[in-house]
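S.K.: File protein.txt follows (compact mmCIF, C-alpha atoms):
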```txt
# COMPACT_ATOMS: atom_id res chain seq x y z
CA MET F 1 0.00 0.00 0.00
CA SER F 2 1.31 3.44 -0.82
CA TYR F 3 0.63 6.29 1.53
CA ASP F 4 -0.07 9.95 0.81
CA VAL F 5 1.27 11.22 4.08
CA GLY F 6 2.86 10.17 7.35
CA VAL F 7 2.06 11.72 10.71
CA VAL F 8 4.96 11.84 13.16
CA ASN F 9 3.84 10.20 16.39
CA TYR F 10 6.06 11.74 19.02
CA GLY F 11 5.16 10.53 22.45
CA MET F 12 2.91 12.51 24.72
CA ALA F 13 2.82 15.72 22.76
CA GLY F 14 0.59 16.08 19.73
CA ASN F 15 -3.10 15.71 19.01
CA THR F 16 -2.24 13.04 16.49
CA HIS F 17 -5.73 11.61 16.60
CA SER F 18 -7.40 14.82 15.40
CA VAL F 19 -4.87 15.29 12.60
CA ILE F 20 -5.30 11.75 11.31
CA LYS F 21 -9.10 12.02 11.36
CA ALA F 22 -9.00 15.24 9.36
CA LEU F 23 -6.50 13.81 6.87
CA GLU F 24 -8.73 10.79 6.35
CA LYS F 25 -11.65 13.13 5.82
CA ALA F 26 -9.51 14.79 3.12
CA GLY F 27 -9.21 11.40 1.44
CA ALA F 28 -5.57 10.78 2.39
CA LYS F 29 -4.01 7.40 3.00
CA VAL F 30 -2.27 8.06 6.30
CA LYS F 31 0.59 6.24 7.97
CA LEU F 32 1.39 6.83 11.61
CA LEU F 33 5.17 7.23 11.87
CA ASN F 34 6.29 5.49 15.04
CA ASP F 35 9.99 5.19 14.25
CA PRO F 36 12.61 6.96 12.11
CA GLU F 37 12.85 4.03 9.69
CA SER F 38 9.25 4.47 8.58
CA PHE F 39 9.90 7.95 7.11
CA SER F 40 11.17 6.52 3.83
CA THR F 41 7.76 4.95 3.13
CA VAL F 42 5.89 8.26 2.74
CA PRO F 43 6.24 11.18 0.31
CA ARG F 44 5.10 13.81 2.81
CA ILE F 45 5.13 14.13 6.56
CA ILE F 46 3.15 16.16 9.05
CA LEU F 47 4.50 17.20 12.41
CA PRO F 48 1.41 17.87 14.54
CA GLY F 49 1.41 20.15 17.50
CA VAL F 50 -0.12 20.30 20.89
CA GLY F 51 2.51 20.89 23.52
CA SER F 52 5.36 23.18 24.34
CA TYR F 53 8.46 23.83 22.23
CA LYS F 54 10.76 22.35 24.85
CA GLU F 55 8.68 19.21 25.45
CA GLY F 56 8.17 18.81 21.73
CA MET F 57 11.90 18.82 21.03
CA GLU F 58 12.59 16.50 23.95
CA GLU F 59 9.99 14.02 22.72
CA LEU F 60 11.37 14.16 19.19
CA HIS F 61 14.84 13.56 20.57
CA ASP F 62 13.80 10.69 22.84
CA ASP F 63 12.00 8.97 19.99
CA GLY F 64 14.99 9.40 17.68
CA PHE F 65 13.11 11.63 15.24
CA ILE F 66 15.44 14.64 15.08
CA GLU F 67 17.79 13.30 12.43
CA ALA F 68 14.96 11.52 10.63
CA ILE F 69 13.18 14.83 10.10
CA ARG F 70 16.37 16.75 9.23
CA ASN F 71 17.36 14.13 6.68
CA TYR F 72 13.87 13.61 5.31
CA ASP F 73 13.71 14.08 1.59
CA GLY F 74 10.00 14.81 1.02
CA LEU F 75 7.55 17.56 1.94
CA VAL F 76 7.23 18.58 5.58
CA LEU F 77 4.24 20.38 7.07
CA GLY F 78 4.43 21.53 10.69
CA ILE F 79 1.27 22.44 12.59
CA CYS F 80 1.36 24.88 15.52
CA VAL F 81 4.20 23.69 17.78
CA GLY F 82 5.08 21.33 14.93
CA MET F 83 5.75 24.44 12.82
CA GLN F 84 7.51 26.23 15.65
CA VAL F 85 10.08 23.47 16.24
CA LEU F 86 11.14 23.70 12.58
CA SER F 87 12.77 27.00 13.59
CA TYR F 88 16.17 27.63 15.12
CA LEU F 89 15.33 28.47 18.72
CA GLY F 90 12.40 28.42 21.15
CA TYR F 91 11.91 30.52 24.30
CA GLU F 92 9.10 28.47 25.91
CA HIS F 93 10.11 27.14 29.37
CA GLY F 94 13.77 28.04 28.81
CA LEU F 95 15.84 28.20 25.63
CA THR F 96 15.57 25.16 23.38
CA LYS F 97 17.30 24.57 20.06
CA GLY F 98 14.90 23.57 17.31
CA LEU F 99 15.26 21.59 14.10
CA ASN F 100 16.68 24.63 12.31
CA LEU F 101 14.97 23.90 8.99
CA ILE F 102 13.34 27.30 8.63
CA SER F 103 14.79 30.56 9.87
CA GLY F 104 13.55 32.39 12.91
CA GLU F 105 12.82 31.87 16.55
CA VAL F 106 9.73 31.39 18.67
CA LYS F 107 8.79 33.90 21.35
CA LYS F 108 5.84 34.65 23.61
CA ILE F 109 3.15 36.76 21.98
CA GLU F 110 3.26 40.31 23.27
CA CYS F 111 0.12 42.27 22.60
CA SER F 112 -2.72 44.12 24.29
CA GLY F 113 -5.13 41.19 24.00
CA LYS F 114 -5.56 38.04 26.04
CA VAL F 115 -2.94 35.32 25.57
CA PRO F 116 -3.24 32.50 24.46
CA HIS F 117 -4.73 33.75 21.21
CA MET F 118 -7.66 31.39 20.95
CA GLY F 119 -10.29 31.09 18.26
CA PHE F 120 -10.99 31.50 14.55
CA ASN F 121 -9.13 34.18 12.63
CA ARG F 122 -8.27 35.26 9.10
CA LEU F 123 -5.13 35.17 6.97
CA GLU F 124 -3.48 38.02 5.15
CA MET F 125 -1.62 36.46 2.24
CA ILE F 126 1.99 37.58 1.81
CA GLY F 127 3.41 34.81 -0.37
CA GLU F 128 1.92 32.20 -2.66
CA SER F 129 1.72 28.46 -2.21
CA PRO F 130 -0.53 25.68 -3.46
CA LEU F 131 -1.01 24.83 0.23
CA LEU F 132 -3.46 27.71 0.75
CA GLU F 133 -4.93 27.78 -2.75
CA GLY F 134 -8.65 28.47 -2.71
CA ILE F 135 -8.82 28.98 1.03
CA GLU F 136 -7.03 32.31 1.36
CA ASN F 137 -10.16 34.03 2.66
CA GLU F 138 -11.34 31.33 5.03
CA LEU F 139 -11.26 31.23 8.82
CA PHE F 140 -8.76 29.07 10.68
CA TYR F 141 -8.58 28.04 14.32
CA PHE F 142 -5.68 29.28 16.45
CA MET F 143 -4.65 28.27 19.97
CA HIS F 144 -1.18 29.51 20.90
CA SER F 145 0.79 31.67 23.30
CA TYR F 146 3.97 31.77 21.21
CA GLU F 147 4.68 33.04 17.73
CA LEU F 148 7.32 32.42 15.10
CA ILE F 149 9.46 35.47 14.39
CA ASN F 150 10.45 35.07 10.74
CA TYR F 151 11.23 37.67 8.07
CA THR F 152 12.14 35.59 5.05
CA ASP F 153 9.65 32.80 4.44
CA ILE F 154 6.28 34.32 5.29
CA LEU F 155 3.30 32.89 3.48
CA ALA F 156 0.59 34.58 5.57
CA LEU F 157 0.15 36.90 8.51
CA THR F 158 -2.73 37.13 10.96
CA GLU F 159 -3.81 40.04 13.08
CA TYR F 160 -4.85 39.65 16.69
CA ALA F 161 -5.43 42.51 19.13
CA ASN F 162 -3.68 44.98 16.78
CA HIS F 163 -0.69 42.67 16.61
CA LYS F 164 0.40 40.94 13.41
CA PHE F 165 2.15 37.61 13.57
CA VAL F 166 3.31 34.93 11.14
CA SER F 167 0.53 32.41 10.60
CA ALA F 168 2.01 30.41 7.70
CA VAL F 169 5.52 29.92 6.32
CA SER F 170 6.97 28.13 3.34
CA THR F 171 10.51 27.56 2.12
CA GLY F 172 11.47 24.84 -0.31
CA ASN F 173 10.01 21.58 0.96
CA TYR F 174 9.30 22.92 4.42
CA MET F 175 6.08 24.62 5.38
CA GLY F 176 4.23 25.36 8.53
CA VAL F 177 0.99 26.82 9.81
CA GLN F 178 0.42 28.33 13.22
CA PHE F 179 -3.28 27.48 13.10
CA HIS F 180 -4.83 24.02 13.32
CA PRO F 181 -6.16 22.80 9.94
CA GLU F 182 -7.56 19.73 11.68
CA LYS F 183 -9.80 22.04 13.73
CA SER F 184 -10.72 24.53 11.04
CA ARG F 185 -13.80 22.95 9.49
CA GLU F 186 -13.90 22.48 5.70
CA ALA F 187 -11.12 25.03 5.11
CA GLY F 188 -8.72 22.88 7.10
CA ILE F 189 -9.75 19.73 5.24
CA GLN F 190 -9.12 21.60 2.00
CA LEU F 191 -5.63 22.56 3.21
CA PHE F 192 -4.90 18.88 3.75
CA LYS F 193 -6.29 18.07 0.29
CA ASN F 194 -3.95 20.70 -1.14
CA PHE F 195 -1.00 19.30 0.80
CA ILE F 196 -1.43 15.71 -0.36
CA LYS F 197 -1.48 16.95 -3.98
CA MET F 198 1.78 18.87 -3.61
CA GLU F 199 5.05 17.43 -4.91
CA LYS F 200 8.48 18.11 -3.52
CA VAL F 201 10.72 20.65 -5.18
CA GLY F 202 14.35 20.08 -6.16
CA MET U 1 -14.03 37.30 17.38
CA THR U 2 -16.13 36.09 20.26
CA ARG U 3 -16.31 32.33 20.30
CA ILE U 4 -19.63 30.56 20.65
CA ILE U 5 -19.08 27.23 22.34
CA ALA U 6 -21.57 24.42 22.71
CA LYS U 7 -21.17 22.82 26.12
CA LEU U 8 -22.27 19.22 26.59
CA ASP U 9 -22.71 18.00 30.14
CA VAL U 10 -22.39 14.27 29.89
CA LYS U 11 -23.53 11.56 32.23
CA PRO U 12 -22.44 8.62 30.08
CA PRO U 13 -23.91 7.49 27.84
CA GLN U 14 -26.13 10.58 27.58
CA VAL U 15 -25.77 14.32 27.23
CA VAL U 16 -27.88 15.69 30.05
CA LYS U 17 -28.91 19.09 31.19
CA PRO U 18 -28.45 19.70 34.89
CA VAL U 19 -31.09 22.10 36.12
CA HIS U 20 -29.53 24.35 38.74
CA PHE U 21 -26.97 21.57 39.18
CA GLU U 22 -29.66 19.26 40.56
CA GLY U 23 -32.14 17.38 38.38
CA LEU U 24 -30.98 15.95 35.06
CA ARG U 25 -32.73 15.88 31.74
CA LYS U 26 -31.57 13.56 28.94
CA ILE U 27 -30.75 15.37 25.70
CA GLY U 28 -29.20 12.73 23.43
CA LEU U 29 -26.07 10.79 22.61
CA PRO U 30 -22.88 12.88 22.71
CA ASN U 31 -21.79 12.42 19.11
CA ASP U 32 -25.29 13.13 17.76
CA VAL U 33 -25.57 16.27 19.85
CA ALA U 34 -22.01 17.42 19.03
CA LEU U 35 -22.54 16.88 15.30
CA LYS U 36 -25.76 18.85 15.39
CA TYR U 37 -24.12 21.89 16.99
CA TYR U 38 -21.01 21.54 14.83
CA ALA U 39 -23.23 21.66 11.74
CA GLN U 40 -24.92 24.75 13.13
CA GLY U 41 -21.56 26.52 13.35
CA ALA U 42 -20.29 26.06 16.91
CA ASP U 43 -16.71 27.33 17.20
CA GLU U 44 -15.85 24.68 19.77
CA ILE U 45 -17.40 21.83 21.68
CA PHE U 46 -16.88 21.36 25.42
CA TYR U 47 -17.54 17.85 26.66
CA ILE U 48 -17.75 17.60 30.43
CA ASP U 49 -18.33 14.26 32.15
CA ILE U 50 -20.19 15.65 35.14
CA VAL U 51 -20.06 12.52 37.28
CA ALA U 52 -16.57 11.07 36.72
CA SER U 53 -15.02 13.14 39.46
CA LEU U 54 -17.83 12.66 41.92
CA TYR U 55 -17.91 8.90 41.46
CA ARG U 56 -14.09 8.74 41.43
CA ARG U 57 -14.24 6.54 38.41
CA GLU U 58 -11.94 6.22 35.43
CA ILE U 59 -12.30 8.54 32.47
CA LEU U 60 -14.31 6.81 29.76
CA TYR U 61 -11.95 7.20 26.80
CA LYS U 62 -13.95 5.09 24.34
CA GLU U 63 -17.01 7.28 24.89
CA ILE U 64 -14.90 10.37 24.28
CA GLU U 65 -13.37 8.99 21.13
CA ALA U 66 -16.85 8.19 19.85
CA ALA U 67 -18.19 11.61 20.84
CA CYS U 68 -15.70 13.61 18.78
CA GLN U 69 -16.06 11.69 15.50
CA ASP U 70 -16.28 14.10 12.53
CA ILE U 71 -16.03 17.19 14.70
CA PHE U 72 -13.51 19.46 12.97
CA VAL U 73 -13.47 22.24 15.52
CA PRO U 74 -11.70 22.07 18.90
CA PHE U 75 -13.06 19.49 21.27
CA ALA U 76 -12.31 20.21 24.93
CA VAL U 77 -12.82 17.40 27.41
CA GLY U 78 -13.11 17.43 31.17
CA GLY U 79 -14.37 15.43 34.11
CA GLY U 80 -12.32 13.20 36.38
CA VAL U 81 -8.89 14.44 35.25
CA ARG U 82 -6.39 13.69 38.02
CA GLN U 83 -2.96 13.13 36.50
CA LEU U 84 -0.71 14.04 33.59
CA ASP U 85 -1.28 10.68 32.01
CA ASP U 86 -5.01 11.52 31.78
CA PHE U 87 -4.16 14.57 29.66
CA SER U 88 -2.05 12.47 27.37
CA LYS U 89 -4.67 9.77 26.96
CA LEU U 90 -7.35 12.38 26.32
CA PHE U 91 -5.31 14.00 23.52
CA HIS U 92 -4.89 10.58 21.99
CA SER U 93 -8.64 10.02 22.26
CA GLY U 94 -9.43 13.15 20.28
CA ALA U 95 -9.35 15.97 22.81
CA ASP U 96 -7.67 19.20 21.74
CA LYS U 97 -7.87 20.79 25.17
CA VAL U 98 -8.28 19.28 28.60
CA VAL U 99 -10.53 20.79 31.25
CA ILE U 100 -9.68 20.37 34.92
CA ASN U 101 -11.48 21.44 38.08
CA SER U 102 -11.95 19.22 41.15
CA TYR U 103 -8.48 17.73 41.39
CA ALA U 104 -6.65 21.03 40.92
CA LEU U 105 -8.99 22.83 43.31
CA GLN U 106 -9.41 20.27 46.05
CA ASP U 107 -6.26 18.13 45.88
CA ASP U 108 -3.22 19.44 44.06
CA PRO U 109 -3.06 22.71 42.10
CA THR U 110 0.46 21.94 40.82
CA ILE U 111 -1.07 19.64 38.22
CA ILE U 112 -1.79 22.86 36.31
CA ASP U 113 1.91 23.81 36.29
CA ALA U 114 2.95 20.33 35.21
CA ALA U 115 0.33 20.09 32.47
CA ALA U 116 1.15 23.55 31.10
CA ALA U 117 4.87 22.75 31.00
CA ARG U 118 4.25 19.49 29.22
CA PHE U 119 1.38 20.25 26.86
CA GLY U 120 1.50 24.03 26.60
CA SER U 121 -0.83 26.47 28.33
CA GLN U 122 -3.17 26.66 25.36
CA SER U 123 -4.44 23.14 25.99
CA VAL U 124 -5.03 23.48 29.73
CA VAL U 125 -8.47 24.82 30.60
CA VAL U 126 -9.56 25.36 34.19
CA ASN U 127 -13.25 25.01 34.92
CA ILE U 128 -14.54 27.13 37.77
CA GLU U 129 -17.88 26.75 39.52
CA ALA U 130 -18.57 29.95 41.39
CA LYS U 131 -21.09 30.30 44.18
CA LYS U 132 -22.05 33.80 45.19
CA TRP U 133 -22.08 34.78 48.83
CA SER U 134 -22.92 38.25 50.14
CA ASN U 135 -19.59 39.85 49.20
CA TRP U 136 -17.50 37.14 47.55
CA TRP U 137 -17.62 34.11 45.28
CA GLU U 138 -16.53 30.69 46.46
CA CYS U 139 -15.11 27.93 44.23
CA TYR U 140 -17.10 24.72 44.16
CA SER U 141 -16.46 21.41 42.47
CA ASP U 142 -18.35 18.34 41.34
CA CYS U 143 -21.29 20.23 39.87
CA GLY U 144 -21.77 22.58 42.77
CA ARG U 145 -21.74 19.83 45.37
CA ILE U 146 -18.44 20.35 47.14
CA GLN U 147 -17.20 23.57 48.72
CA SER U 148 -13.55 24.63 48.78
CA LYS U 149 -13.46 27.82 50.88
CA LYS U 150 -11.31 29.26 48.09
CA SER U 151 -12.19 32.66 46.70
CA VAL U 152 -12.87 32.68 42.95
CA LEU U 153 -11.00 35.94 42.44
CA GLU U 154 -7.90 34.56 44.17
CA TRP U 155 -8.13 31.16 42.50
CA VAL U 156 -8.36 32.57 38.96
CA LYS U 157 -5.21 34.58 39.58
CA GLU U 158 -3.50 31.49 40.92
CA VAL U 159 -4.44 29.27 37.99
CA GLU U 160 -3.23 31.92 35.57
CA GLU U 161 0.12 32.11 37.36
CA ARG U 162 0.37 28.34 37.33
CA GLY U 163 0.03 28.35 33.56
CA ALA U 164 -3.63 27.68 32.74
CA GLY U 165 -4.44 28.86 29.23
CA GLU U 166 -8.13 29.47 29.61
CA ILE U 167 -10.90 29.64 32.18
CA ILE U 168 -14.43 28.42 31.78
CA LEU U 169 -16.47 30.24 34.34
CA GLN U 170 -19.67 28.64 35.53
CA SER U 171 -22.01 29.88 38.20
CA VAL U 172 -23.67 27.48 40.61
CA ASP U 173 -26.39 30.09 41.11
CA THR U 174 -27.34 30.79 37.50
CA ASP U 175 -26.59 27.45 35.81
CA GLY U 176 -29.60 25.83 34.19
CA ARG U 177 -31.95 28.59 35.33
CA ARG U 178 -32.03 30.39 31.98
CA ARG U 179 -32.33 33.81 33.61
CA GLY U 180 -29.08 35.33 32.40
CA PHE U 181 -25.42 35.25 33.40
CA ASP U 182 -23.80 36.46 36.60
CA LEU U 183 -22.46 39.55 34.82
CA GLU U 184 -20.61 40.93 37.80
CA LEU U 185 -18.73 37.66 38.35
CA ILE U 186 -17.74 37.32 34.70
CA SER U 187 -16.71 40.94 34.42
CA GLU U 188 -14.58 40.85 37.56
CA VAL U 189 -12.85 37.61 36.63
CA ASN U 190 -12.23 38.80 33.08
CA GLN U 191 -10.52 41.95 34.33
CA MET U 192 -8.53 40.00 36.89
CA VAL U 193 -6.69 37.74 34.41
CA ASN U 194 -4.92 38.08 31.08
CA ILE U 195 -5.95 34.65 29.78
CA PRO U 196 -9.18 34.03 27.85
CA VAL U 197 -12.33 33.65 29.94
CA VAL U 198 -15.32 31.72 28.63
CA ALA U 199 -18.60 32.76 30.21
CA ALA U 200 -21.03 29.97 31.04
CA SER U 201 -24.22 29.34 33.00
CA GLY U 202 -27.44 31.20 32.55
CA ALA U 203 -28.25 31.93 28.92
CA GLY U 204 -31.99 31.56 28.46
CA LYS U 205 -32.36 33.73 25.37
CA PRO U 206 -30.07 35.27 22.71
CA GLU U 207 -30.29 38.65 24.47
CA ASP U 208 -28.54 37.14 27.52
CA VAL U 209 -25.57 36.19 25.33
CA LEU U 210 -25.44 39.67 23.81
CA SER U 211 -25.56 41.31 27.21
CA VAL U 212 -22.74 39.21 28.68
CA ILE U 213 -20.57 40.02 25.65
CA LYS U 214 -21.37 43.75 25.80
CA GLU U 215 -20.99 44.07 29.56
CA ALA U 216 -18.25 41.62 30.46
CA ASN U 217 -16.41 41.10 27.15
CA PRO U 218 -15.47 37.42 27.63
CA SER U 219 -13.41 35.67 24.91
CA GLY U 220 -16.16 33.14 24.45
CA VAL U 221 -19.61 32.17 25.62
CA ALA U 222 -20.58 28.59 26.39
CA ILE U 223 -24.21 27.71 25.87
CA SER U 224 -26.22 24.58 26.35
CA SER U 225 -29.89 25.11 27.33
CA LEU U 226 -30.36 27.58 24.47
CA LEU U 227 -29.43 24.81 22.06
CA HIS U 228 -30.77 21.77 23.89
CA TYR U 229 -34.27 23.26 24.06
CA ASP U 230 -34.13 24.57 20.49
CA ILE U 231 -34.56 28.15 21.65
CA THR U 232 -32.09 29.11 18.95
CA THR U 233 -29.38 27.58 16.78
CA VAL U 234 -25.71 28.52 16.83
CA LEU U 235 -26.08 30.04 13.36
CA ASP U 236 -29.09 32.17 14.30
CA LEU U 237 -27.41 33.27 17.50
CA LYS U 238 -24.25 34.29 15.62
CA LYS U 239 -26.25 36.24 13.06
CA TYR U 240 -28.11 37.99 15.86
CA LEU U 241 -24.83 38.86 17.59
CA GLN U 242 -23.28 40.09 14.35
CA ASP U 243 -26.33 42.29 13.67
CA ASN U 244 -25.73 43.79 17.08
CA GLY U 245 -22.10 44.65 16.45
CA VAL U 246 -20.36 41.58 17.86
CA GLU U 247 -17.61 40.05 15.72
CA VAL U 248 -18.17 36.31 15.36
CA ALA U 249 -16.85 33.57 13.05
CA LEU U 250 -19.45 33.30 10.30
```
Please go through the file and, once you have read it, give me the structure as structure tokens.

M.R.:
Amino acid sequence: MSYDVGVVNYGMAGNTHSVIKALEKAGAKVKLLNDPESFSTVPRIILPGVGSYKEGMEELHDDGFIEAIRNYDGLVLGICVGMQVLSYLGYEHGLTKGLNLISGEVKKIECSGKVPHMGFNRLEMIGESPLLEGIENELFYFMHSYELINYTDILALTEYANHKFVSAVSTGNYMGVQFHPEKSREAGIQLFKNFIKMEKVG
Amino acid sequence: MTRIIAKLDVKPPQVVKPVHFEGLRKIGLPNDVALKYYAQGADEIFYIDIVASLYRREILYKEIEAACQDIFVPFAVGGGVRQLDDFSKLFHSGADKVVINSYALQDDPTIIDAAAARFGSQSVVVNIEAKKWSNWWECYSDCGRIQSKKSVLEWVKEVEERGAGEIILQSVDTDGRRRGFDLELISEVNQMVNIPVVAASGAGKPEDVLSVIKEANPSGVAISSLLHYDITTVLDLKKYLQDNGVEVAL
């Protein structure tokens, strides 16, 4: 059986269940990636995210996934903390080095509104990617206290309490979204449909 | 955008409606009820097992996994959560956030710190059941059955400092009565903390939801009777709120 996408199953962190259900709804053949060896069997991977940057990295390390992700040759989509750990450095519960696959670092949101930023919100498109094709004007669900500070790979921004932050990034085969497609109704399902149609570059 | 959340009080296998935290009316099976409100446009679903903690029984993971089938908005689950492993198992059963009350309030508040460090604040929701006395509010647990002597205004500050990401604020006095929210309580708590506060307990008509948003400005409003008794639908309520100047996800 050939799979469309693998979901990295890293220990305690991650709402893996929700992501798999939404991918299946999008028509994807999904493989749960329980060990580094299984990465070679899928053309795309998703790094889901519920958890903190530090715990996320520790779990990835303990499960032997760090090198597997760094060396992975296909498309990578990070969701929420899964996007954040693709960066160089996280500030949540102490400094933690990330996977360093996209530039930038992850810091606590500083704004006049309540934090965590929680709820549906819009995107302001900065770049272009097939990932968000047809859903640029839809609402997506956010739940986060930290944001990715990135200046070079921004795909979309989102405004919350008069504060703009990076809500989607894309560089080469790496992409990430701060929001949760698996919790964003039909728009999120469409994002997954877009992702499983994408092919790696280079 | 103000979130409109459908809250399901569950006494497995049924969604029930506690009336003033006493009598129970059966509403339907959790997944049927959740799907109905999801289709109507609910921004989130809260699933609270209202007897798990009281009976000191295990969390019923299979029921939870069944309840959240085909729900593609956040599904927050609470009731009987006592340890970090419960959080983990709940996430793997389909929860996106975990709601805690009794154990943190009555036994060990440091579970909030530990859960926030491990899973991130955004997935740790503290449920508060406030009981109004002459000049203060007291925290209760187990559906308004057990006192704590703790002041709500002090407890909300404490849970924020410990790393909770959100508060769902219920009122023992107004819950199930359908006579409006405890506006003063919600307003005071909302000003006290810098984390999102979800107002619950008391909506009997759409106007009650509008008034709590206008007067207390919570991040979200949790409703159940309004929907269970078909007084309105989530969609109609959101349209009504939008017509009255409230920004909602439509």

S.K.: Only residues of chain F matter here; which ones have an atom within 9 Å of chain U, counting all atoms listed in the file? Give them as a PyMOL selection string.

M.R.: chain F and resi 11-18+21-22+25+50-56+92-93+113-121+139+141+143-145+181-186+188-189

S.K.: Nearest to Asp113 in chain U: which of U:Met192, U:Leu227, U:Lys132, U:Val159 is it, counting all atoms listed in the file?

M.R.: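 Selected residue with least distance to Asp113 in chain U: U:Val159.
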
S.K.: For range 74-80 of chain F, I'd like the enclosing box, axis-aligned and padded by 6 Å on every side, reported as lines of an AutoDock Vina configuration file with centre and edge lengths in Å to one decimal.

M.R.:
```
center_x = 5.6
center_y = 19.8
center_z = 8.3
size_x = 20.7
size_y = 22.1
size_z = 26.5
```

S.K.: Please provide the set of residues having any atom within 10 Å of range 139-146 of chain U, restricted to all atoms listed in the file, with same-chain residues fewer than 6 positions apart removed, written as a ChimeraX atom specification.

M.R.: /U:18,20-22,50-55,79-80,101-106,127-132,152-156,170-173,175

S.K.: What separation in Å, quoted to one decimal, exists between CA of Leu33 in chain F and CA of Gly6 in chain F?

M.R.: 5.9 Å

S.K.: At what distance in Å, to one decimal, does CA of Phe65 in chain F lie from CA of Gly94 in chain F?

M.R.: 21.3 Å

S.K.: Using all atoms listed in the file, give me every residue within 9 Å of (-17.9, 37.3, 36.7) in file coordinates, as a short mmCIF file (atom, residue, chain, number, x, y, z; two decimals) with C-alpha atoms, keeping the file's coordinate frame.

M.R.:
```cif
data_model
loop_
_atom_site.label_atom_id
_atom_site.label_comp_id
_atom_site.auth_asym_id
_atom_site.auth_seq_id
_atom_site.Cartn_x
_atom_site.Cartn_y
_atom_site.Cartn_z
CA ALA U 130 -18.57 29.95 41.39
CA LEU U 169 -16.47 30.24 34.34
CA GLN U 170 -19.67 28.64 35.53
CA SER U 171 -22.01 29.88 38.20
CA PHE U 181 -25.42 35.25 33.40
CA ASP U 182 -23.80 36.46 36.60
CA LEU U 183 -22.46 39.55 34.82
CA GLU U 184 -20.61 40.93 37.80
CA LEU U 185 -18.73 37.66 38.35
CA ILE U 186 -17.74 37.32 34.70
CA SER U 187 -16.71 40.94 34.42
CA GLU U 188 -14.58 40.85 37.56
CA VAL U 189 -12.85 37.61 36.63
CA ASN U 190 -12.23 38.80 33.08
CA ALA U 199 -18.60 32.76 30.21
CA ALA U 216 -18.25 41.62 30.46
#
```

S.K.: Using Å and a single decimal, report how far CA of Val246 in chain U sits from CA of Gly134 in chain F.

M.R.: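 Separation between CA of Gly134 in chain F and CA of Val246 in chain U: 27.1 Å.
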